[in-house]
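The file work.txt comes next; it holds compact mmCIF, C-alpha atoms and all ligand atoms.
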```txt
# COMPACT_ATOMS: atom_id res chain seq x y z
CA MET A 5 206.42 97.84 137.92
CA TYR A 6 207.82 95.04 135.74
CA THR A 7 211.31 95.62 134.37
CA GLN A 8 212.42 92.10 133.47
CA LYS A 9 214.22 91.82 130.14
CA MET A 10 211.74 90.71 127.53
CA LEU A 11 213.31 88.95 124.57
CA ARG A 12 215.13 85.62 124.61
CA ASP A 13 218.95 85.47 124.67
CA GLY A 14 220.48 86.00 121.23
CA ALA A 15 217.23 87.46 119.82
CA LEU A 16 219.21 90.14 117.92
CA LYS A 17 222.24 88.02 117.07
CA GLY A 18 223.50 88.73 113.56
CA LYS A 19 221.93 92.19 113.42
CA THR A 20 223.89 95.43 113.26
CA ILE A 21 222.06 98.42 114.66
CA VAL A 22 223.01 102.10 114.37
CA VAL A 23 221.63 104.27 117.18
CA THR A 24 221.81 108.05 116.72
CA GLY A 25 222.17 109.86 120.01
CA GLY A 26 223.30 106.53 121.48
CA GLY A 27 225.82 107.99 123.91
CA SER A 28 223.34 109.11 126.55
CA GLY A 29 219.83 108.80 127.92
CA LEU A 30 217.32 106.56 126.20
CA GLY A 31 219.62 105.88 123.23
CA LYS A 32 222.20 104.46 125.61
CA ALA A 33 219.60 102.32 127.43
CA MET A 34 218.29 100.87 124.16
CA SER A 35 221.84 100.29 122.86
CA LYS A 36 222.73 98.39 126.02
CA TYR A 37 219.78 96.03 125.66
CA PHE A 38 220.48 95.47 121.93
CA LEU A 39 224.05 94.48 122.86
CA GLU A 40 222.79 92.15 125.60
CA LEU A 41 220.60 90.46 122.97
CA GLY A 42 223.61 89.82 120.75
CA ALA A 43 223.46 92.71 118.24
CA ASN A 44 226.45 94.72 117.06
CA VAL A 45 225.75 98.36 117.82
CA ALA A 46 227.20 101.63 116.47
CA ILE A 47 226.39 104.66 118.61
CA THR A 48 226.66 108.10 117.05
CA SER A 49 226.37 111.73 118.11
CA ARG A 50 228.37 114.97 118.03
CA ASN A 51 230.45 114.28 121.15
CA LEU A 52 233.06 111.60 120.38
CA GLU A 53 234.56 111.61 123.90
CA LYS A 54 231.16 110.83 125.41
CA LEU A 55 230.53 108.12 122.80
CA LYS A 56 233.88 106.46 123.48
CA ASN A 57 233.21 106.34 127.22
CA THR A 58 229.70 104.95 126.69
CA ALA A 59 230.94 102.35 124.18
CA LYS A 60 233.63 101.17 126.61
CA GLU A 61 231.15 100.98 129.48
CA LEU A 62 228.56 99.08 127.40
CA GLU A 63 231.13 96.64 126.02
CA GLN A 64 232.33 95.85 129.54
CA GLU A 65 228.77 95.36 130.79
CA THR A 66 227.50 93.27 127.90
CA ASN A 67 230.50 91.61 126.20
CA GLY A 68 229.12 92.95 122.93
CA ILE A 69 230.76 95.11 120.27
CA CYS A 70 229.87 98.80 120.42
CA LEU A 71 231.40 101.20 117.90
CA PRO A 72 231.49 104.95 118.67
CA LEU A 73 231.12 107.13 115.55
CA GLN A 74 231.07 110.92 115.55
CA CYS A 75 228.30 112.38 113.40
CA ASP A 76 226.19 115.50 113.46
CA VAL A 77 222.96 114.28 111.90
CA ARG A 78 222.28 117.77 110.51
CA ASN A 79 225.07 117.27 107.99
CA TYR A 80 224.36 114.77 105.18
CA ASP A 81 228.06 114.25 104.38
CA GLU A 82 228.76 113.32 107.99
CA VAL A 83 225.84 110.87 107.93
CA GLU A 84 227.26 109.17 104.82
CA GLU A 85 230.68 108.94 106.54
CA MET A 86 229.05 107.49 109.65
CA LEU A 87 227.30 104.81 107.57
CA LYS A 88 230.62 104.06 105.85
CA GLY A 89 232.30 103.71 109.26
CA ALA A 90 229.67 101.25 110.46
CA LEU A 91 229.92 99.23 107.23
CA GLU A 92 233.74 99.12 107.45
CA LYS A 93 233.54 97.68 110.95
CA PHE A 94 230.55 95.34 110.65
CA GLY A 95 230.13 94.62 106.90
CA THR A 96 226.40 95.29 106.87
CA VAL A 97 223.92 97.42 108.78
CA ASP A 98 220.38 96.12 109.35
CA VAL A 99 218.65 98.65 111.54
CA LEU A 100 218.69 102.43 111.97
CA LEU A 101 217.30 103.87 115.19
CA ASN A 102 216.65 107.60 114.77
CA ASN A 103 216.82 108.69 118.40
CA ALA A 104 218.95 111.87 118.33
CA ALA A 105 217.01 115.00 119.22
CA GLY A 106 217.28 118.57 120.41
CA ASN A 107 214.67 120.40 122.47
CA PHE A 108 214.11 123.06 125.11
CA ILE A 109 211.08 124.87 126.53
CA SER A 110 210.42 128.40 125.39
CA PRO A 111 207.51 130.69 124.54
CA THR A 112 207.63 130.58 120.74
CA GLU A 113 207.78 134.36 120.38
CA ARG A 114 211.10 134.36 122.28
CA LEU A 115 212.74 132.05 119.71
CA SER A 116 215.12 133.40 117.10
CA ALA A 117 214.77 131.99 113.60
CA ASN A 118 218.01 130.09 114.22
CA ALA A 119 216.72 128.59 117.49
CA PHE A 120 213.63 127.23 115.70
CA ASP A 121 215.80 125.95 112.82
CA THR A 122 218.22 124.24 115.19
CA ILE A 123 215.52 121.94 116.58
CA ILE A 124 213.96 121.28 113.18
CA ASP A 125 217.43 120.54 111.77
CA ILE A 126 218.36 118.01 114.46
CA VAL A 127 215.00 116.24 114.68
CA LEU A 128 213.42 116.40 111.23
CA LYS A 129 216.34 117.07 108.90
CA GLY A 130 218.60 114.75 110.94
CA THR A 131 216.07 111.91 110.72
CA LYS A 132 215.62 112.63 107.00
CA ASN A 133 219.41 112.63 106.42
CA CYS A 134 219.92 109.28 108.15
CA THR A 135 216.82 107.71 106.62
CA LEU A 136 217.79 108.79 103.10
CA ALA A 137 221.42 107.68 103.37
CA PHE A 138 220.58 104.28 104.89
CA GLY A 139 217.57 103.74 102.63
CA LYS A 140 219.53 104.49 99.46
CA HIS A 141 222.30 102.17 100.62
CA TRP A 142 219.88 99.31 101.26
CA ILE A 143 218.18 99.85 97.91
CA ASP A 144 221.51 100.05 96.01
CA THR A 145 222.88 96.89 97.67
CA LYS A 146 219.52 95.06 97.45
CA GLN A 147 219.67 94.33 101.16
CA SER A 148 216.24 93.41 102.53
CA ASN A 149 214.89 92.62 106.02
CA THR A 150 216.02 96.02 107.23
CA SER A 151 214.16 98.44 109.45
CA ILE A 152 214.06 101.99 110.70
CA LEU A 153 212.70 102.85 114.12
CA ASN A 154 211.99 106.51 114.90
CA ILE A 155 211.61 107.93 118.39
CA VAL A 156 208.86 110.56 118.39
CA THR A 157 206.63 111.84 121.22
CA THR A 158 202.90 111.86 121.88
CA TYR A 159 202.76 115.57 121.03
CA ALA A 160 203.68 114.60 117.46
CA TRP A 161 199.89 114.32 116.97
CA THR A 162 198.47 116.45 119.78
CA GLY A 163 200.95 119.31 119.37
CA SER A 164 202.24 121.05 122.48
CA ALA A 165 202.69 124.62 123.60
CA TYR A 166 206.20 125.77 124.62
CA VAL A 167 207.99 123.07 122.58
CA VAL A 168 206.63 124.11 119.20
CA PRO A 169 209.76 123.42 117.08
CA SER A 170 210.04 119.94 118.58
CA ALA A 171 206.32 119.22 118.10
CA THR A 172 206.52 120.43 114.50
CA ALA A 173 209.58 118.31 113.76
CA LYS A 174 208.31 115.16 115.50
CA ALA A 175 205.03 115.43 113.54
CA GLY A 176 207.13 115.44 110.37
CA VAL A 177 209.06 112.39 111.53
CA LEU A 178 205.81 110.55 112.17
CA ALA A 179 204.55 111.43 108.68
CA MET A 180 207.85 110.20 107.23
CA THR A 181 207.53 106.93 109.16
CA ARG A 182 204.05 106.21 107.84
CA SER A 183 204.81 107.35 104.29
CA LEU A 184 207.96 105.28 103.82
CA ALA A 185 206.41 102.25 105.54
CA VAL A 186 204.31 102.01 102.40
CA GLU A 187 206.69 103.32 99.72
CA TRP A 188 209.80 101.35 100.69
CA ALA A 189 208.14 98.12 101.87
CA LYS A 190 208.88 96.79 98.38
CA TYR A 191 212.59 96.98 99.22
CA GLY A 192 212.12 94.90 102.38
CA MET A 193 212.30 97.86 104.77
CA ARG A 194 209.98 98.31 107.73
CA PHE A 195 209.34 101.66 109.41
CA ASN A 196 207.91 102.08 112.89
CA ALA A 197 207.93 104.68 115.64
CA ILE A 198 207.76 104.77 119.40
CA ALA A 199 206.12 107.66 121.25
CA PRO A 200 207.47 107.64 124.80
CA GLY A 201 205.84 109.49 127.67
CA PRO A 202 208.03 110.81 130.47
CA PHE A 203 211.21 108.76 130.92
CA PRO A 204 213.60 110.81 133.08
CA THR A 205 216.97 111.49 131.41
CA LYS A 206 219.47 114.24 132.15
CA GLY A 207 219.32 115.56 128.56
CA ALA A 208 215.54 116.00 128.56
CA TRP A 209 214.97 116.98 132.20
CA ASP A 210 217.69 119.71 132.20
CA ARG A 211 216.07 121.35 129.17
CA LEU A 212 212.39 120.70 129.80
CA LEU A 213 212.22 120.96 133.59
CA PRO A 214 215.12 123.25 134.57
CA GLY A 215 215.68 124.27 138.18
CA ASP A 216 212.77 123.69 140.53
CA LEU A 217 210.31 123.01 137.68
CA LYS A 218 211.20 119.35 138.37
CA GLU A 219 209.45 119.63 141.74
CA LYS A 220 206.71 122.02 140.56
CA PHE A 221 205.63 119.87 137.62
CA ASP A 222 205.93 116.31 138.83
CA MET A 223 205.60 114.36 135.56
CA ALA A 224 204.37 111.25 137.38
CA LYS A 225 201.21 113.12 138.41
CA LYS A 226 200.21 113.56 134.74
CA VAL A 227 200.23 109.80 134.21
CA PRO A 228 197.19 107.64 135.08
CA LEU A 229 199.58 104.92 136.25
CA ASN A 230 201.07 107.56 138.57
CA ARG A 231 204.70 107.00 137.66
CA VAL A 232 207.30 107.80 135.03
CA GLY A 233 208.71 105.16 132.68
CA GLU A 234 211.65 102.86 133.35
CA HIS A 235 214.32 102.80 130.65
CA GLN A 236 214.15 99.00 130.41
CA GLU A 237 210.44 99.23 129.57
CA LEU A 238 211.30 101.34 126.53
CA ALA A 239 214.27 99.14 125.64
CA ASN A 240 212.01 96.06 125.68
CA LEU A 241 209.63 97.68 123.16
CA ALA A 242 212.45 98.95 120.95
CA ALA A 243 214.14 95.54 120.91
CA TYR A 244 210.88 93.90 119.85
CA LEU A 245 210.34 96.44 117.06
CA VAL A 246 213.84 96.01 115.60
CA SER A 247 213.73 92.22 115.95
CA ASP A 248 212.31 89.72 113.47
CA PHE A 249 209.52 88.96 115.98
CA SER A 250 207.82 92.15 114.72
CA ALA A 251 208.27 91.28 111.02
CA TYR A 252 204.57 92.05 110.30
CA VAL A 253 204.50 95.36 112.21
CA ASN A 254 205.00 98.17 109.70
CA GLY A 255 203.97 101.83 109.73
CA GLU A 256 202.93 101.72 113.37
CA VAL A 257 203.53 104.20 116.17
CA ILE A 258 203.42 102.61 119.59
CA THR A 259 202.81 104.84 122.59
CA ILE A 260 204.47 103.92 125.86
CA ASP A 261 203.34 106.58 128.32
CA GLY A 262 201.21 104.98 131.03
CA GLY A 263 198.15 106.63 129.46
CA GLU A 264 199.56 110.18 129.85
CA TRP A 265 198.33 111.79 126.62
CA LEU A 266 194.85 110.30 126.85
CA LYS A 267 194.51 111.68 130.37
CA GLY A 268 195.10 115.14 128.94
CA ALA A 269 192.71 114.50 126.04
CA GLY A 270 189.54 112.96 127.52
CA GLN A 271 186.98 115.71 128.08
CA PHE A 272 185.75 114.46 131.45
CA ASN A 273 188.98 112.97 132.77
CA LEU A 274 189.21 115.81 135.27
CA LEU A 275 186.28 114.25 137.16
CA GLU A 276 188.99 112.09 138.71
CA GLU A 277 189.24 114.92 141.25
CA ILE A 278 185.73 114.33 142.56
CA PRO A 279 185.89 112.52 145.91
CA GLU A 280 184.21 109.12 146.08
CA GLU A 281 181.66 110.24 148.71
CA MET A 282 180.36 113.02 146.43
CA TRP A 283 179.12 110.64 143.75
CA ASP A 284 175.92 109.70 145.68
CA GLN A 285 174.98 113.37 145.81
CA LEU A 286 175.81 113.97 142.13
CA GLU A 287 173.87 110.91 141.04
CA ALA A 288 170.84 112.05 143.01
CA MET A 289 171.01 115.48 141.37
CA ILE A 290 171.18 113.97 137.88
CA ARG A 291 168.32 111.56 138.57
CA ALA A 292 166.18 114.34 140.02
CA LYS A 293 166.54 116.34 136.81
CA LYS A 294 165.55 113.32 134.71
CA THR A 295 162.24 112.74 136.54
CA LYS A 296 161.27 116.42 136.26
CA SER A 297 161.78 116.71 132.46
C1 LIG B 301 215.88 130.17 123.58
C2 LIG B 301 217.76 129.09 122.78
C3 LIG B 301 217.83 128.29 123.97
C4 LIG B 301 216.84 128.53 124.99
C5 LIG B 301 219.47 127.72 122.66
N1 LIG B 301 218.80 128.68 122.03
N2 LIG B 301 218.90 127.46 123.85
N3 LIG B 301 216.80 130.00 122.58
N4 LIG B 301 215.89 129.45 124.73
N5 LIG B 301 216.83 127.81 126.10
C6 LIG B 301 219.12 129.26 120.72
C7 LIG B 301 220.51 129.85 120.65
O1 LIG B 301 220.57 131.16 121.19
C8 LIG B 301 220.76 129.82 119.15
O2 LIG B 301 220.08 130.84 118.49
C9 LIG B 301 220.10 128.52 118.72
O3 LIG B 301 219.13 128.23 119.74
C10 LIG B 301 221.07 127.36 118.62
O4 LIG B 301 221.72 127.21 119.87
P1 LIG B 301 223.17 126.57 120.00
O5 LIG B 301 223.48 126.48 121.45
O6 LIG B 301 224.13 127.30 119.10
O7 LIG B 301 222.90 125.15 119.31
P2 LIG B 301 223.61 123.76 119.47
O8 LIG B 301 224.97 123.92 120.11
O9 LIG B 301 223.49 123.13 118.16
O10 LIG B 301 222.69 122.99 120.58
C11 LIG B 301 221.41 122.52 120.24
C12 LIG B 301 220.44 122.62 121.41
C13 LIG B 301 221.03 122.00 122.71
C14 LIG B 301 219.15 121.96 120.99
C15 LIG B 301 220.18 124.12 121.69
O11 LIG B 301 220.09 122.09 123.77
C16 LIG B 301 221.43 120.56 122.48
O12 LIG B 301 222.57 120.29 122.12
N6 LIG B 301 220.48 119.59 122.72
C17 LIG B 301 220.73 118.17 122.47
C18 LIG B 301 220.09 117.27 123.47
C19 LIG B 301 218.67 117.53 123.82
O13 LIG B 301 218.10 118.61 123.52
N7 LIG B 301 218.03 116.53 124.47
C20 LIG B 301 216.67 116.66 124.90
C21 LIG B 301 215.78 115.86 124.00
S1 LIG B 301 214.33 115.69 124.87
P3 LIG B 301 220.78 132.25 118.04
O14 LIG B 301 219.73 132.98 117.30
O15 LIG B 301 221.19 132.93 119.31
O16 LIG B 301 221.96 131.86 117.18
C22 LIG B 301 213.02 115.49 123.91
C23 LIG B 301 211.86 115.03 124.75
C24 LIG B 301 210.50 115.23 124.22
O17 LIG B 301 213.06 115.68 122.74
C25 LIG B 301 209.34 114.88 125.11
C26 LIG B 301 209.55 114.85 126.60
C27 LIG B 301 208.39 114.39 127.43
P1 LIG B 302 219.29 112.97 125.42
O1 LIG B 302 220.06 112.10 126.35
O2 LIG B 302 219.58 114.43 125.43
O3 LIG B 302 219.45 112.38 123.98
C1 LIG B 302 219.57 113.13 122.81
C2 LIG B 302 220.77 112.62 122.06
O4 LIG B 302 220.80 113.23 120.79
C3 LIG B 302 222.09 112.92 122.75
O5 LIG B 302 222.82 111.73 122.89
C4 LIG B 302 222.80 113.89 121.80
O6 LIG B 302 224.21 113.63 121.78
C5 LIG B 302 222.15 113.54 120.47
N1 LIG B 302 222.17 114.65 119.54
C6 LIG B 302 221.70 115.91 119.73
N2 LIG B 302 221.93 116.67 118.65
C7 LIG B 302 222.56 115.88 117.75
C8 LIG B 302 223.06 116.09 116.45
N3 LIG B 302 222.96 117.27 115.85
N4 LIG B 302 223.66 115.04 115.81
C9 LIG B 302 223.77 113.85 116.41
N5 LIG B 302 223.32 113.59 117.65
C10 LIG B 302 222.72 114.59 118.32
O7 LIG B 302 217.70 112.85 125.68
P2 LIG B 302 216.74 111.57 125.75
O8 LIG B 302 215.68 111.90 126.74
O9 LIG B 302 217.51 110.31 125.90
O10 LIG B 302 216.05 111.62 124.30
C11 LIG B 302 216.18 110.55 123.38
C12 LIG B 302 215.00 110.53 122.44
O11 LIG B 302 213.80 110.26 123.14
C13 LIG B 302 214.76 111.83 121.69
O12 LIG B 302 214.33 111.57 120.36
C14 LIG B 302 213.62 112.46 122.45
O13 LIG B 302 212.87 113.37 121.68
C15 LIG B 302 212.82 111.23 122.80
N6 LIG B 302 211.89 111.37 123.90
C16 LIG B 302 212.35 111.44 125.17
C17 LIG B 302 211.43 111.51 126.20
C18 LIG B 302 211.88 111.54 127.64
O14 LIG B 302 211.04 111.62 128.52
N7 LIG B 302 213.16 111.44 127.93
C19 LIG B 302 210.06 111.55 125.93
C20 LIG B 302 209.64 111.50 124.60
C21 LIG B 302 210.56 111.40 123.59
P3 LIG B 302 225.33 114.76 121.56
O15 LIG B 302 224.96 115.89 122.44
O16 LIG B 302 226.60 114.07 121.92
O17 LIG B 302 225.29 115.10 120.10
```
Just dump the structure as structure tokens.
Amino acid sequence: MYTQKMLRDGALKGKTIVVTGGGSGLGKAMSKYFLELGANVAITSRNLEKLKNTAKELEQETNGICLPLQCDVRNYDEVEEMLKGALEKFGTVDVLLNNAAGNFISPTERLSANAFDTIIDIVLKGTKNCTLAFGKHWIDTKQSNTSILNIVTTYAWTGSAYVVPSATAKAGVLAMTRSLAVEWAKYGMRFNAIAPGPFPTKGAWDRLLPGDLKEKFDMAKKVPLNRVGEHQELANLAAYLVSDFSAYVNGEVITIDGGEWLKGAGQFNLLEEIPEEMWDQLEAMIRAKKTKS
């Protein structure tokens, strides 16, 4: 496993980055690396206390400036206020990282209409609210060289049972990423997405693998590389995608999952279970058929 920090010192100097859901989990890990690379970072979510603690911790660790801003992404007015708060502090904003999400496992027939809506509202409507507010601001102020990075999942294109609202919403976010990458390129905006595989966080694991499901469904076993992801690995990719080094990458979704989704997809991938010594026998059987026909 290689978890060295990828970009050169100061690679994000001069950039201001807003990270939704930046107070915990992957949002926090990405925010930390952005700060280490010299960016100003605003972290936002519903829980201001948590954000303040994270901002303090990250500032101490990185010597950067991290601004905590309360904002429920489901509410467009709050998103506009959050953008205003970031602009008041930093003057400009260059990057939006749509990372906030809500999710839990459930058979779909057990969901109330409000439960389904709640996930769609956080993931799809929240990403739309932030994208629209920031995009309009950049267009109005004629600010170019901006970018939006969306965190999706690999089931945005495969779909997945038992997380249907999340899969539905993430698919919408991916479509938004690709659509606006074309439509708003003329304003100097880039749009990309990252589809992470399993990266253990408390927020995701408590809701997707509650209780002893963590032991029953060892996520590492689903991954050809036989391990889960390290937060720094994701942070390295995110930092590249929000940096000017990726200036020609637009409309792309980059998967970082150790090959997990392809393992589930390939029709004969299950042959992995065949022991090495059985292949001689199988080959002989196949060859025998060929000579007979
Ligand atoms: C069925 C449930 C439920 C459950 C909540 N609801 N939990 N229904 N099973 N386990 C229902 C409620 O009864 C309610 O419907 C509706 O959902 C809204 O619930 P609230 O608790 O009122 O909502 P809210 O306080 O807004 O909380 C949102 C939340 C919560 C999504 C339910 O879990 C949350 O705050 N999550 C944020 C963080 C998070 O989810 N992180 C994980 C991201 S992981 P009724 O009808 O009763 O009113 C991720 C990874 C993807 O996305 C890929 C991994 C490999
Ligand atoms: P997490 O720690 O639970 O992160 C979710 C964040 O979203 C929290 O900080 C939460 O903060 C915020 N949030 C939730 N609802 C919000 C709302 N209405 N308004 C504003 N913020 C809200 O989980 P995570 O694993 O780091 O997930 C981060 C991202 O990675 C998500 O997009 C997730 O879908 C994606 N992802 C994760 C994995 C994985 O293996 N971990 C895999 C694929 C994709 P508050 O509760 O304070 O609001």
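Straight-line separation from atom CA of Ala251 of chain A to atom CA of Ser148 of chain A: 11.8 Å.
Using only C-alpha atoms, the residues found no farther than 10 Å from Glu65 of chain A, other than those of its own chain fewer than 6 positions away, are Lys36, Leu39, Glu40 and Ala59 of chain A.
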- Polymer residues at most 8 Å from Pro169 of chain A, all atoms listed in the file, same-chain spacing of 3 or more positions, as number ranges by chain: A: 107, 120-121, 123-124, 172-173
Show me, as CSV, the residues of chain A having an atom within 6 Å of ligand LIG 301 (chain B), each with the closest atom pair and its distance in Å, using all atoms listed in the file.
```
residue,atom,partner,partner_atom,distance
A:Ala105,CA,B:LIG301,C21,5.0
A:Gly106,CA,B:LIG301,O13,3.2
A:Asn107,CA,B:LIG301,O13,4.0
A:Phe108,CA,B:LIG301,N5,5.6
A:Ser110,CA,B:LIG301,N4,5.6
A:Leu115,CA,B:LIG301,C1,5.3
A:Ser116,CA,B:LIG301,O14,4.6
A:Asn118,CA,B:LIG301,O14,4.6
A:Ala119,CA,B:LIG301,O3,3.3
A:Thr122,CA,B:LIG301,C10,5.4
A:Ile123,CA,B:LIG301,C14,5.7
A:Thr157,CA,B:LIG301,C25,5.6
A:Gly201,CA,B:LIG301,C27,5.5
A:Pro202,CA,B:LIG301,C27,4.7
A:Gly207,CA,B:LIG301,N7,4.4
A:Ala208,CA,B:LIG301,C20,3.9
```
- Task: Set the cut-off to 7 Å, count only C-alpha atoms and all ligand atoms, and list whatever residues fall near ligand LIG 302 (chain B) as a VMD selection string.
- Result: chain A and resid 24 to 31 48 to 51 54 75 to 78 103 to 106 126 155 to 157 199 to 208
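Straight-line separation from atom CA of Leu62 of chain A to atom CA of Ala43 of chain A: 12.3 Å.
Of the listed residues (A:Thr58, A:Asn196, A:Thr7, A:Gln74), A:Thr7 comes nearest to Glu237 of chain A; the distances count all atoms listed in the file.
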Check which residues of segment 54-122 of chain A sit at most 8 Å from segment 129-137 of chain A using only C-alpha atoms, and return one row each with the closest pair of atoms and their distance in Å to one decimal, ordered by chain and rising number, as JSON lines.
```
{"residue": "A:Val77", "atom": "CA", "partner": "A:Gly130", "partner_atom": "CA", "distance": 4.5}
{"residue": "A:Arg78", "atom": "CA", "partner": "A:Gly130", "partner_atom": "CA", "distance": 4.8}
{"residue": "A:Asn79", "atom": "CA", "partner": "A:Asn133", "partner_atom": "CA", "distance": 7.5}
{"residue": "A:Tyr80", "atom": "CA", "partner": "A:Asn133", "partner_atom": "CA", "distance": 5.5}
{"residue": "A:Val83", "atom": "CA", "partner": "A:Cys134", "partner_atom": "CA", "distance": 6.1}
{"residue": "A:Glu84", "atom": "CA", "partner": "A:Ala137", "partner_atom": "CA", "distance": 6.2}
{"residue": "A:Leu87", "atom": "CA", "partner": "A:Ala137", "partner_atom": "CA", "distance": 7.8}
{"residue": "A:Leu100", "atom": "CA", "partner": "A:Thr135", "partner_atom": "CA", "distance": 7.7}
{"residue": "A:Asn102", "atom": "CA", "partner": "A:Thr131", "partner_atom": "CA", "distance": 5.9}
{"residue": "A:Ala104", "atom": "CA", "partner": "A:Gly130", "partner_atom": "CA", "distance": 7.9}
```
- Query: Residues at most 12 Å from Trp142 of chain A, counting all atoms listed in the file, excluding those fewer than 3 positions away in the same chain, as a list in words?
  - Reply: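 Listed by chain and then number, they are Leu87, Leu91, Thr96, Val97, Asp98, Val99, Leu100, Thr135, Leu136, Ala137, Phe138, Gly139, Thr145, Lys146, Gln147, Ser148, Asn149, Thr150, Ser151, Ile152, Trp188, Ala189, Lys190, Tyr191, Gly192, Met193 and Arg194 of chain A.
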- Item | Point (196.7, 110.4, 132.0), cut-off 8 Å, counting only C-alpha atoms, residues as JSON, numbers by chain | {"A": [226, 227, 228, 229, 262, 263, 264, 265, 266, 267, 268]}
- Message: My list of candidates is A:Pro72, A:Ala197, A:Thr66, A:Ala165. Which is closest to Glu113 of chain A when distances are computed with only C-alpha atoms?
- Response: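 Under the stated criterion, the closest residue is A:Ala165.
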- Select, from A:Ser170, A:Asn240, A:Asn154, A:Asn230, the residue with the minimum atom-to-atom distance to Ile198 of chain A, counting only C-alpha atoms. A:Asn154
- Query: At what distance in Å, to one decimal, does atom CA of Gly14 of chain A lie from atom CA of Gly89 of chain A?
  - Reply: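 Calculated distance between atom CA of Gly89 of chain A and atom CA of Gly14 of chain A is 24.4 Å.
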